[in-house]
Structure formats: C-alpha cells, structure tokens
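The structure appears below as structure tokens.
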2 protein chains.
Amino acid sequence: MTRRPSHARERGIPDATVARLPLYLRALNGLAERGTATVSSEDLAVAAGVNSAKLRKDLSHLGSYGTRGVGYDVQYLIYQISRELGLTQDWAVAIVGVGNLGRALAAYGGFVSRGFRVAALFDADSAVVGEQLVGMAVQHIDELESVIDKRGVSIVVIATPAAAAQQVADRVIAAGITSILNFAPVVLTVPDGVDVRKVDLSTELQILAFHEQRKADRETGSPMMAEDWAEAMDA
Amino acid sequence: MTRRPSHARERGIPDATVARLPLYLRALNGLAERGTATVSSEDLAVAAGVNSAKLRKDLSHLGSYGTRGVGYDVQYLIYQISRELGLTQDWAVAIVGVGNLGRALAAYGGFVSRGFRVAALFDADSAVVGEQLVGMAVQHIDELESVIDKRGVSIVVIATPAAAAQQVADRVIAAGITSILNFAPVVLTVPDGVDVRKVDLSTELQILAFHEQRKADRETGSPMMAEDWAEAMDA
DNA sequence: CGCACTTTGTGCATAGCTTCACAAAGGTAC
DNA sequence: GTACCTTTGTGAAGCTATGCACAAAGTGCG
C-alpha cells in the first residue's frame with residue numbers, strides 16, 4: 001500500500017482521520033436538523049465525542065474551511081466531508097447471504113441513508129431465492145457475476161456463514177469488486193488493492209469481556225498469580 | 001483513563017493487542033479443529049492476517065508461552081488467551097431492542113459461542129413483548145433494572161433506534177452496567193469507568209466509499225481541482 | 001480606526017504502535 | 001557433548017497519532 005508523507009497537501013488523508021469523518025458528518029447532520037448555521041470546533045468536538053484539537057487537525061486535512069473567530073458553516077462542512085467521502089455519488093451495494101443478519105441489513109434504514117443503495121440480494125439456498133425483500137427479489141448466487149456487472153455494484157456486503165465467506169470473496173473479486181464489508185467471522189485473504197472492512201460481533205464482546213474482567217479483578221484486589229496457572233493446565 | 005508504562009509486566013496489555021487477541025483465538029480454534037498440536041508464530045500470523053513480529057510481541061504481553069525452536073502449543077495458547085479475555089467464565093448478555101437487528105443478534109450462533117449467553121431480551125413495543133425468541137420471552141423495558149439485577153447481566157447490547165439509545169444507556173448504567181456494545185448510530189455519553197464499543201454499519205460503508213472513490217480517481221487520473229469546488233457551493 | 005475578544009490552523013513535544021533484526025534458547029542428529 | 005538448525009522474545013528505530021499551546025486571522029464594538 002502506497003503511503004504519502006503526511007505533510008503532503010495533495011490528497012494524503014491519514015486513515016485515522018478518514019475513520020472519524022463519518023462521525024463528524026453525523027454530528028453535523030444533527031446540528032443541521034436543529035437549524036444550527038455555524039459551529040465551533042469545540043462544540044462539534046463535544047457532539048462527536050473527540051478532542052477539539054484533533055477535530056481541527058482532521059478538518060485541516062480536507063482544506064481550510066473554517067472562519068477564525070466564527071467557526072465552521074454547518075452546511076458547507078457537510079458538503080465538503082460528503083464529497084471527500086464520496087457520498088455525493090450513489091454507490092450500489094449488494095448483500096450476499098440473506099439469513100437473519102442479511103435481512104436485518106437489507107431492512108436497516110440508516111444503511112440506505114445517504115449515498116448508498118441496496119441494488120441486489122443473493123443467497124445459495126433455493127428456498128430463499130425469489131423471496132421479496134425491501135421491494136427486491138433475492139437472486140441465486142449463480143447470478144452473482146452477471147448481476148454485479150449489470151447493476152454496477154461496487155461494494156459487496158458478505159453476510160454468509162463463515163464457511164462460505166472466502167469463496168464468495170474470491171468470486172466477487174474476480175468479478176471486479178474491490179470493496180468488501182465482511183460480517184462473517186473469518187479473516188479474508190484478498191489481493192492487494194482490495195479493501196476489506198470487518199464487523200465482528202464476537203470480537204467486540206470479547207474485548208468488552210476483557211475490560212469487564214479487569215474491572216472486577218481490580219475491585220476484589222485479587223490479581224491471579226503465576227502459580228495458579230500451572231495447575232490449570234497439564235499440557 | 002489510567003495508563004501504565006508499557007514496559008510494566010504487571011497486567012499492562014496495550015489496547016491494540018487486546019483488540020487482536022480474539023483474532024488469534026479464532027485462528028487457533030481453527031487449527032485445533034484440524035488437529036494441529038503446535039504452531040509457529042509465522043504460521044499463526046498468516047492465519048490471523050498479521051505480521052509475525054507483531055504476533056510475538058502481542059503474545060509476549062501475556063507471558064512467555066512459546067518454546068524456541070518449536071513454536072506454541074495450540075491448546076495451551078487457546079487456554080491462556082481465553083483466560084486473559086475472561087472467557088473461562090460465563091457472561092450474561094442482555095439485548096435491548098428486538099427489531100430486525102436485535103432478532104438477528106439473538107439468533108446469531110457465533111454470538112453465544114464461548115463465554116457468552118443471551119440472558120434477557122427487552123423492547124418498548126408492547127406488540128413485541130411476550131414473544132418467544134431463542135427460547136426466551138421478550139420483556140418490557142420497564143423491567144430492565146430488576147431483570148439485569150436478578151439475572152446477573154454484565155454486558156448490554158443496545159440495538160434500539162438512535163433516538164432511544166442514550167436513554168437506554170443511562171438506565172443500564174444507573175443499574176450498574178459498565179460494558180455496552182452499541183449498534184445505534186449515535187455517540188453515547190457515559191461516565192468514566194464505563195466501556196462502550198460501537199458497531200456502525202454506515203460508518204464502515206462510508207470508509208469503504210472513500211477508498212473506492214480514491215481508487216477510481218487514480219485510474220481516471222482526474223484529481224478534482226480547487227476551482228471546481230467553489231461553484232458547487234455558494235455559501 | 002483601534003482594541004478586545006473569539007476561534008482557527010499548526011508547530012512541537014509526547015505517547016503509542018509497528019517492524020526489523022538479532023541474540024538467546026531450545027531441539028535434533030550424530 | 002558438540003554443532004547446527006529453528007524459532008522465540010525483545011531492543012531499538014521509525015512511523016503515526018494525539019494533544020497542548022499559541023500565533024495568525026477574523027469579528028464587532030465604541
């Protein structure tokens with residue numbers, strides 16, 4: 001992956017900043033709905049739950065869109081962030097795997113919000129194929145390649161069982177897809193140039209459990225000692 | 001948040017490492033199923049999709065569980081990581097909001113896998129309350145506090161509409177919960193000592209769209225110039 | 001016009017994370 | 001026991017991200 005020096009003005013936005021832009025956008029939309037015209041970095045930072053210096057540095061990567069002494073114009077900033085994120089165009093999204101999760105995703109309103117449109121649904125189970133869902137027929141996985149091509153799909157959401165995920169990924173990549181959102185609990189192996197983002201429920205729970213356990217340990221003041229470990233195992 | 005110096009052996013595991021432990025655990029379980037007894041950091045790193053030096057450094061934070069010249073004992077390492085993550089005990093999880101997403105989460109097998117158990121389901125809609133789901137009756141949100149207490153719930157999953165999420169968070173925190181997994185697209189404001197992890201579908205899509213757009217720009221070789229910006233807005 | 005006030009944009013110091021590279025440690029063969 | 005091979009665990013270097021603190025730039029009032 002090519003990485004430019006961070007001081008390069010020409011389109012060199014840090015990943016950490018990109019990951020926060022959607023957050024700012026949401027906070028700004030909230031302000032816009034309430035009719036706020038301008039907002040200071042301090043107020044916006046509070047709304048987005050981040051440090052205000054970080055917010056200003058993030059925004060400075062997009063350009064110099066604020067006015068000193070005043071703040072940022074809400075509408076203008078919404079436009080600039082949207083454009084930077086590519087939300088001024090419409091992205092056709094396909095969902096592969098119409099189980100419980102796939103259905104929930106298809107129906108999820110915020111999903112289809114600004115810039116995204118569910119353009120196809122696929123499943124391997126012929127009992128599900130043909131079913132109508134959010135005004136769209138579920139199609140058989142055999143038609144994956146042709147439909148992706150025909151409907152101009154550019155982002156694929158994988159919501160299949162773990163065992164099928166890699167195979168689906170290989171096929172959509174062969175069909176020209178380079179952006180995948182993976183809900184299946186597996187590490188996908190993909191060639192360079194393909195972006196995969198992972199959403200993993202059990203991983204998140206496990207991280208919470210770690211911190212919860214640590215909190216509990218701290219209260220009871222009983223840090224487990226090395227001696228306890230040995231007897232629990234006899235490998 | 002208290003942060004110990006990173007060289008402190010005594011229970012100072014970096015956040016970035018904790019976030020990867022579930023990944024290693026999953027890869028190890030895969031190896032164990034295939035009957036593998038020991039694994040090198042190189043092989044495990046490939047299976048988990050990370051750099052092998054990073055893997056070794058991560059594991060070294062837990063202790064010195066490898067054997068030089070051989071590798072790691074798969075079963076032993078599974079045990080150690082599980083223990084560190086707190087998965088040797090059972091965590092009672094409550095799901096608040098039984099819409100499409102809440103149902104999908106309740107039904108999701110991998111969710112309940114090792115260490116976690118769905119112990120309660122709540123909803124505000126009386127049309128849903130009483131419904132049986134994964135062998136459990138959906139309860140009214142009024143009973144939130146008493147049921148959390150009675151069933152020893154320690155992790156709450158919020159799968160409500162955005163508007164209700166903060167209110168639910170306030171209530172469960174008041175009831176003593178300090179670990180929340182939030183699926184609602186809002187920034188939750190919580191006191192110190194409460195851990196919130198966020199899973200956000202539209203954020204992930206927007207990050208993918210950003211990279212997808214950049215790839216497209218690079219191909220067509222048409223970086224949009226500053227002059228184009230002005231006319232699009234007339235703030 | 002000038003002064004006081006507000007808020008941005010950023011230089012700089014610091015903290016945290018990643019990766020390289022290698023010494024130390026264990027296994028194996030003879 | 002010795003020589004050789006493999007693989008871990010970690011020091012050190014480099015990179016990225018964070019947050020402070022302040023100069024620069026704008027507003028508005030008298």
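Just remember, in the structure tokens the first chain shown is A, the second B, etc., residues are 1-based per chain, and ligands are 1-based in the order shown.
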Could you pull out the residues in segment 13-190 of chain A that DSSP calls strand (DSSP E) from the backbone, as an mmCIF file with N, CA and C atoms, in the first residue's frame?
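Here's the written file part_27.cif:
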```
data_model
loop_
_atom_site.group_PDB
_atom_site.id
_atom_site.type_symbol
_atom_site.label_atom_id
_atom_site.label_comp_id
_atom_site.auth_asym_id
_atom_site.auth_seq_id
_atom_site.Cartn_x
_atom_site.Cartn_y
_atom_site.Cartn_z
ATOM 1 N N THR A 38 -23.801 27.793 12.137
ATOM 2 C CA THR A 38 -22.361 27.638 12.283
ATOM 3 C C THR A 38 -22.055 26.958 13.612
ATOM 4 N N VAL A 39 -20.868 26.344 13.668
ATOM 5 C CA VAL A 39 -20.497 25.625 14.882
ATOM 6 C C VAL A 39 -18.988 25.769 15.101
ATOM 7 N N GLY A 66 -12.805 26.656 7.783
ATOM 8 C CA GLY A 66 -13.369 27.388 8.914
ATOM 9 C C GLY A 66 -13.116 28.882 8.803
ATOM 10 N N THR A 67 -13.768 29.649 9.654
ATOM 11 C CA THR A 67 -13.533 31.091 9.725
ATOM 12 C C THR A 67 -13.112 31.435 11.145
ATOM 13 N N GLY A 71 -16.108 30.019 13.370
ATOM 14 C CA GLY A 71 -16.301 28.581 13.405
ATOM 15 C C GLY A 71 -16.492 28.043 12.004
ATOM 16 N N TYR A 72 -17.231 26.955 11.883
ATOM 17 C CA TYR A 72 -17.462 26.318 10.581
ATOM 18 C C TYR A 72 -18.923 26.476 10.181
ATOM 19 N N ASP A 73 -19.148 26.739 8.903
ATOM 20 C CA ASP A 73 -20.505 26.764 8.367
ATOM 21 C C ASP A 73 -20.984 25.320 8.260
ATOM 22 N N TRP A 91 -23.704 4.815 -4.432
ATOM 23 C CA TRP A 91 -22.993 3.549 -4.507
ATOM 24 C C TRP A 91 -23.996 2.401 -4.489
ATOM 25 N N ALA A 92 -23.864 1.507 -5.453
ATOM 26 C CA ALA A 92 -24.728 0.328 -5.494
ATOM 27 C C ALA A 92 -24.101 -0.779 -4.648
ATOM 28 N N VAL A 93 -24.848 -1.240 -3.653
ATOM 29 C CA VAL A 93 -24.351 -2.241 -2.714
ATOM 30 C C VAL A 93 -25.097 -3.553 -2.914
ATOM 31 N N ALA A 94 -24.371 -4.656 -2.910
ATOM 32 C CA ALA A 94 -25.019 -5.972 -2.961
ATOM 33 C C ALA A 94 -24.800 -6.684 -1.630
ATOM 34 N N ILE A 95 -25.823 -7.376 -1.159
ATOM 35 C CA ILE A 95 -25.713 -8.156 0.072
ATOM 36 C C ILE A 95 -25.742 -9.631 -0.297
ATOM 37 N N VAL A 96 -24.709 -10.348 0.112
ATOM 38 C CA VAL A 96 -24.647 -11.783 -0.162
ATOM 39 C C VAL A 96 -24.914 -12.533 1.140
ATOM 40 N N PHE A 116 -25.886 5.444 -0.399
ATOM 41 C CA PHE A 116 -25.863 4.001 -0.611
ATOM 42 C C PHE A 116 -27.241 3.471 -0.978
ATOM 43 N N ARG A 117 -27.246 2.437 -1.794
ATOM 44 C CA ARG A 117 -28.489 1.878 -2.302
ATOM 45 C C ARG A 117 -28.294 0.376 -2.416
ATOM 46 N N VAL A 118 -29.193 -0.394 -1.798
ATOM 47 C CA VAL A 118 -29.108 -1.847 -1.930
ATOM 48 C C VAL A 118 -29.591 -2.223 -3.320
ATOM 49 N N ALA A 119 -28.686 -2.762 -4.137
ATOM 50 C CA ALA A 119 -29.002 -2.990 -5.542
ATOM 51 C C ALA A 119 -29.206 -4.465 -5.859
ATOM 52 N N ALA A 120 -28.826 -5.344 -4.943
ATOM 53 C CA ALA A 120 -29.001 -6.777 -5.209
ATOM 54 C C ALA A 120 -28.870 -7.583 -3.915
ATOM 55 N N LEU A 121 -29.602 -8.708 -3.883
ATOM 56 C CA LEU A 121 -29.538 -9.634 -2.752
ATOM 57 C C LEU A 121 -29.288 -11.023 -3.301
ATOM 58 N N PHE A 122 -28.344 -11.738 -2.675
ATOM 59 C CA PHE A 122 -28.020 -13.083 -3.164
ATOM 60 C C PHE A 122 -28.068 -14.097 -2.026
ATOM 61 N N ASP A 123 -28.436 -15.334 -2.394
ATOM 62 C CA ASP A 123 -28.344 -16.435 -1.432
ATOM 63 C C ASP A 123 -28.156 -17.739 -2.199
ATOM 64 N N GLN A 132 -39.345 -11.898 -1.881
ATOM 65 C CA GLN A 132 -39.293 -10.444 -1.998
ATOM 66 C C GLN A 132 -38.825 -9.834 -0.675
ATOM 67 N N LEU A 133 -37.933 -8.854 -0.790
ATOM 68 C CA LEU A 133 -37.385 -8.241 0.417
ATOM 69 C C LEU A 133 -37.058 -6.791 0.077
ATOM 70 N N MET A 136 -37.477 -6.180 -3.544
ATOM 71 C CA MET A 136 -36.453 -6.722 -4.427
ATOM 72 C C MET A 136 -36.424 -8.242 -4.275
ATOM 73 N N ALA A 137 -36.259 -8.948 -5.385
ATOM 74 C CA ALA A 137 -36.245 -10.403 -5.326
ATOM 75 C C ALA A 137 -34.845 -10.900 -4.989
ATOM 76 N N GLN A 139 -31.802 -13.199 -5.390
ATOM 77 C CA GLN A 139 -31.325 -13.934 -6.560
ATOM 78 C C GLN A 139 -30.356 -15.035 -6.167
ATOM 79 N N HIS A 140 -30.268 -16.012 -7.025
ATOM 80 C CA HIS A 140 -29.379 -17.131 -6.721
ATOM 81 C C HIS A 140 -27.921 -16.705 -6.919
ATOM 82 N N ILE A 155 -19.746 -2.157 -4.124
ATOM 83 C CA ILE A 155 -19.439 -2.579 -2.751
ATOM 84 C C ILE A 155 -20.275 -3.811 -2.435
ATOM 85 N N VAL A 156 -19.626 -4.837 -1.888
ATOM 86 C CA VAL A 156 -20.336 -6.070 -1.546
ATOM 87 C C VAL A 156 -20.289 -6.296 -0.038
ATOM 88 N N VAL A 157 -21.439 -6.610 0.542
ATOM 89 C CA VAL A 157 -21.535 -6.954 1.952
ATOM 90 C C VAL A 157 -21.674 -8.464 2.073
ATOM 91 N N ILE A 158 -20.758 -9.091 2.777
ATOM 92 C CA ILE A 158 -20.817 -10.539 2.966
ATOM 93 C C ILE A 158 -21.455 -10.852 4.312
ATOM 94 N N SER A 179 -14.121 -3.488 -2.917
ATOM 95 C CA SER A 179 -14.515 -3.031 -1.579
ATOM 96 C C SER A 179 -15.504 -4.006 -0.972
ATOM 97 N N ILE A 180 -15.107 -4.577 0.168
ATOM 98 C CA ILE A 180 -15.924 -5.611 0.809
ATOM 99 C C ILE A 180 -16.134 -5.275 2.283
ATOM 100 N N LEU A 181 -17.379 -5.411 2.725
ATOM 101 C CA LEU A 181 -17.693 -5.291 4.142
ATOM 102 C C LEU A 181 -18.063 -6.679 4.630
ATOM 103 N N ASN A 182 -17.248 -7.246 5.510
ATOM 104 C CA ASN A 182 -17.379 -8.648 5.891
ATOM 105 C C ASN A 182 -17.941 -8.829 7.300
#
```
Cut-off 8 Å: closest chain B/chain A atom pairs per residue, using only C-alpha atoms, as CSV:
```
residue,atom,partner,partner_atom,distance
B:Val18,CA,A:Ile207,CA,6.7
B:Ala19,CA,A:Ile207,CA,6.3
B:Pro22,CA,A:Thr203,CA,5.5
B:Leu23,CA,A:Thr203,CA,7.4
B:Ala47,CA,A:Val187,CA,7.6
B:Ala48,CA,A:Val187,CA,6.5
B:Gly49,CA,A:Val187,CA,6.7
B:Gln75,CA,A:Ala235,CA,7.8
B:Tyr76,CA,A:Ala235,CA,6.7
B:Glu84,CA,A:Phe210,CA,6.9
B:Leu85,CA,A:Phe210,CA,4.4
B:Gly86,CA,A:Phe210,CA,5.5
B:Leu87,CA,A:Ala209,CA,7.4
B:Trp91,CA,A:Ala209,CA,7.7
B:Asn100,CA,A:Ala104,CA,4.8
B:Leu101,CA,A:Ala104,CA,5.1
B:Arg103,CA,A:Asn100,CA,7.5
B:Ala104,CA,A:Asn100,CA,4.8
B:Leu105,CA,A:Leu101,CA,7.5
B:Ala107,CA,A:Asn100,CA,7.5
B:Tyr108,CA,A:Asn100,CA,7.8
B:Gly110,CA,A:Ser202,CA,6.7
B:Phe111,CA,A:Ser202,CA,5.4
B:Ile155,CA,A:Leu208,CA,7.8
B:Thr178,CA,A:Glu212,CA,7.4
B:Ser179,CA,A:Leu208,CA,6.2
B:Ile180,CA,A:Leu208,CA,7.7
B:Leu181,CA,A:Leu205,CA,7.3
B:Val187,CA,A:Ala48,CA,6.5
B:Thr189,CA,A:Gly49,CA,7.8
B:Asp195,CA,A:Leu208,CA,7.2
B:Arg197,CA,A:Glu204,CA,7.0
B:Val199,CA,A:Val199,CA,7.2
B:Leu201,CA,A:Phe111,CA,6.6
B:Ser202,CA,A:Phe111,CA,5.4
B:Thr203,CA,A:Pro22,CA,5.6
B:Glu204,CA,A:Arg197,CA,7.0
B:Leu205,CA,A:Leu181,CA,7.3
B:Gln206,CA,A:Leu85,CA,6.3
B:Ile207,CA,A:Ala19,CA,6.3
B:Leu208,CA,A:Ser179,CA,6.1
B:Ala209,CA,A:Gly86,CA,5.9
B:Phe210,CA,A:Leu85,CA,4.4
B:His211,CA,A:Asp195,CA,7.7
B:Glu212,CA,A:Ser179,CA,6.7
B:Gln213,CA,A:Gly86,CA,5.9
B:Met233,CA,A:Tyr76,CA,7.4
B:Ala235,CA,A:Tyr76,CA,6.8
```
**Asked** For chain B, which residues have at least one atom within 12 Å of chain C, if we go by only C-alpha atoms (C1' of nucleotides)? Write them as number ranges by chain, please.
**Response** B: 3-6, 14-17, 50-58, 66-71
**Prompt:** Which residue out of B:Leu28, B:Ile141, B:Val153, B:Ala127 has the minimum interatomic distance to Gln167 of chain B when only C-alpha atoms are used?
**Reply:**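 Closest to Gln167 of chain B, using only C-alpha atoms: B:Ile141.
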**Message:** Counting only C-alpha atoms (C1' of nucleotides), which residue out of B:Leu59, B:Ala45, B:Ile13, B:Leu31 sits closest to chain D?
**Reply:** B:Leu59
**Request:** Kindly provide, as a ChimeraX atom specification, the residues of chain D having any atom no farther than 8 Å from an atom of chain B, counting only C-alpha atoms (C1' of nucleotides).
**Result:** /D:6-9
Could those selected residues go to a file with N, CA and C atoms (P, O5', C5', C4', C3', O3' and C1' of nucleotides), as an mmCIF file, in the first residue's frame?
```cif
data_model
loop_
_atom_site.group_PDB
_atom_site.id
_atom_site.type_symbol
_atom_site.label_atom_id
_atom_site.label_comp_id
_atom_site.auth_asym_id
_atom_site.auth_seq_id
_atom_site.Cartn_x
_atom_site.Cartn_y
_atom_site.Cartn_z
ATOM 1 P P DT D 6 16.500 -24.820 9.446
ATOM 2 O "O5'" DT D 6 15.545 -24.532 10.683
ATOM 3 C "C5'" DT D 6 14.886 -25.604 11.332
ATOM 4 C "C4'" DT D 6 14.171 -25.083 12.556
ATOM 5 C "C3'" DT D 6 13.240 -23.898 12.294
ATOM 6 O "O3'" DT D 6 11.977 -24.202 12.814
ATOM 7 C "C1'" DT D 6 14.700 -23.424 14.107
ATOM 8 P P DT D 7 10.697 -23.367 12.452
ATOM 9 O "O5'" DT D 7 10.618 -22.406 13.709
ATOM 10 C "C5'" DT D 7 10.413 -22.978 14.979
ATOM 11 C "C4'" DT D 7 10.572 -21.908 16.023
ATOM 12 C "C3'" DT D 7 9.809 -20.597 15.725
ATOM 13 O "O3'" DT D 7 9.011 -20.292 16.837
ATOM 14 C "C1'" DT D 7 12.014 -20.163 16.398
ATOM 15 P P DT D 8 8.033 -19.016 16.849
ATOM 16 O "O5'" DT D 8 8.413 -18.445 18.280
ATOM 17 C "C5'" DT D 8 8.446 -19.335 19.376
ATOM 18 C "C4'" DT D 8 9.368 -18.788 20.448
ATOM 19 C "C3'" DT D 8 8.871 -17.489 21.088
ATOM 20 O "O3'" DT D 8 8.909 -17.623 22.498
ATOM 21 C "C1'" DT D 8 11.081 -17.211 20.243
ATOM 22 P P DG D 9 7.994 -16.686 23.429
ATOM 23 O "O5'" DG D 9 8.963 -15.450 23.682
ATOM 24 C "C5'" DG D 9 10.097 -15.645 24.509
ATOM 25 C "C4'" DG D 9 10.948 -14.386 24.519
ATOM 26 C "C3'" DG D 9 10.206 -13.096 24.861
ATOM 27 O "O3'" DG D 9 11.050 -12.364 25.748
ATOM 28 C "C1'" DG D 9 11.316 -12.834 22.803
#
```
**Asked** Which residues in segment 23-147 of chain A does DSSP call helix (DSSP H, G or I)? List them as a PyMOL selection string.
**Response** chain A and resi 23-33+41-48+52-60+74-85+100-107+109-112+141-147
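Take atom CA of Arg218 of chain A and atom CA of Val190 of chain B: the distance between them is 20.3 Å.
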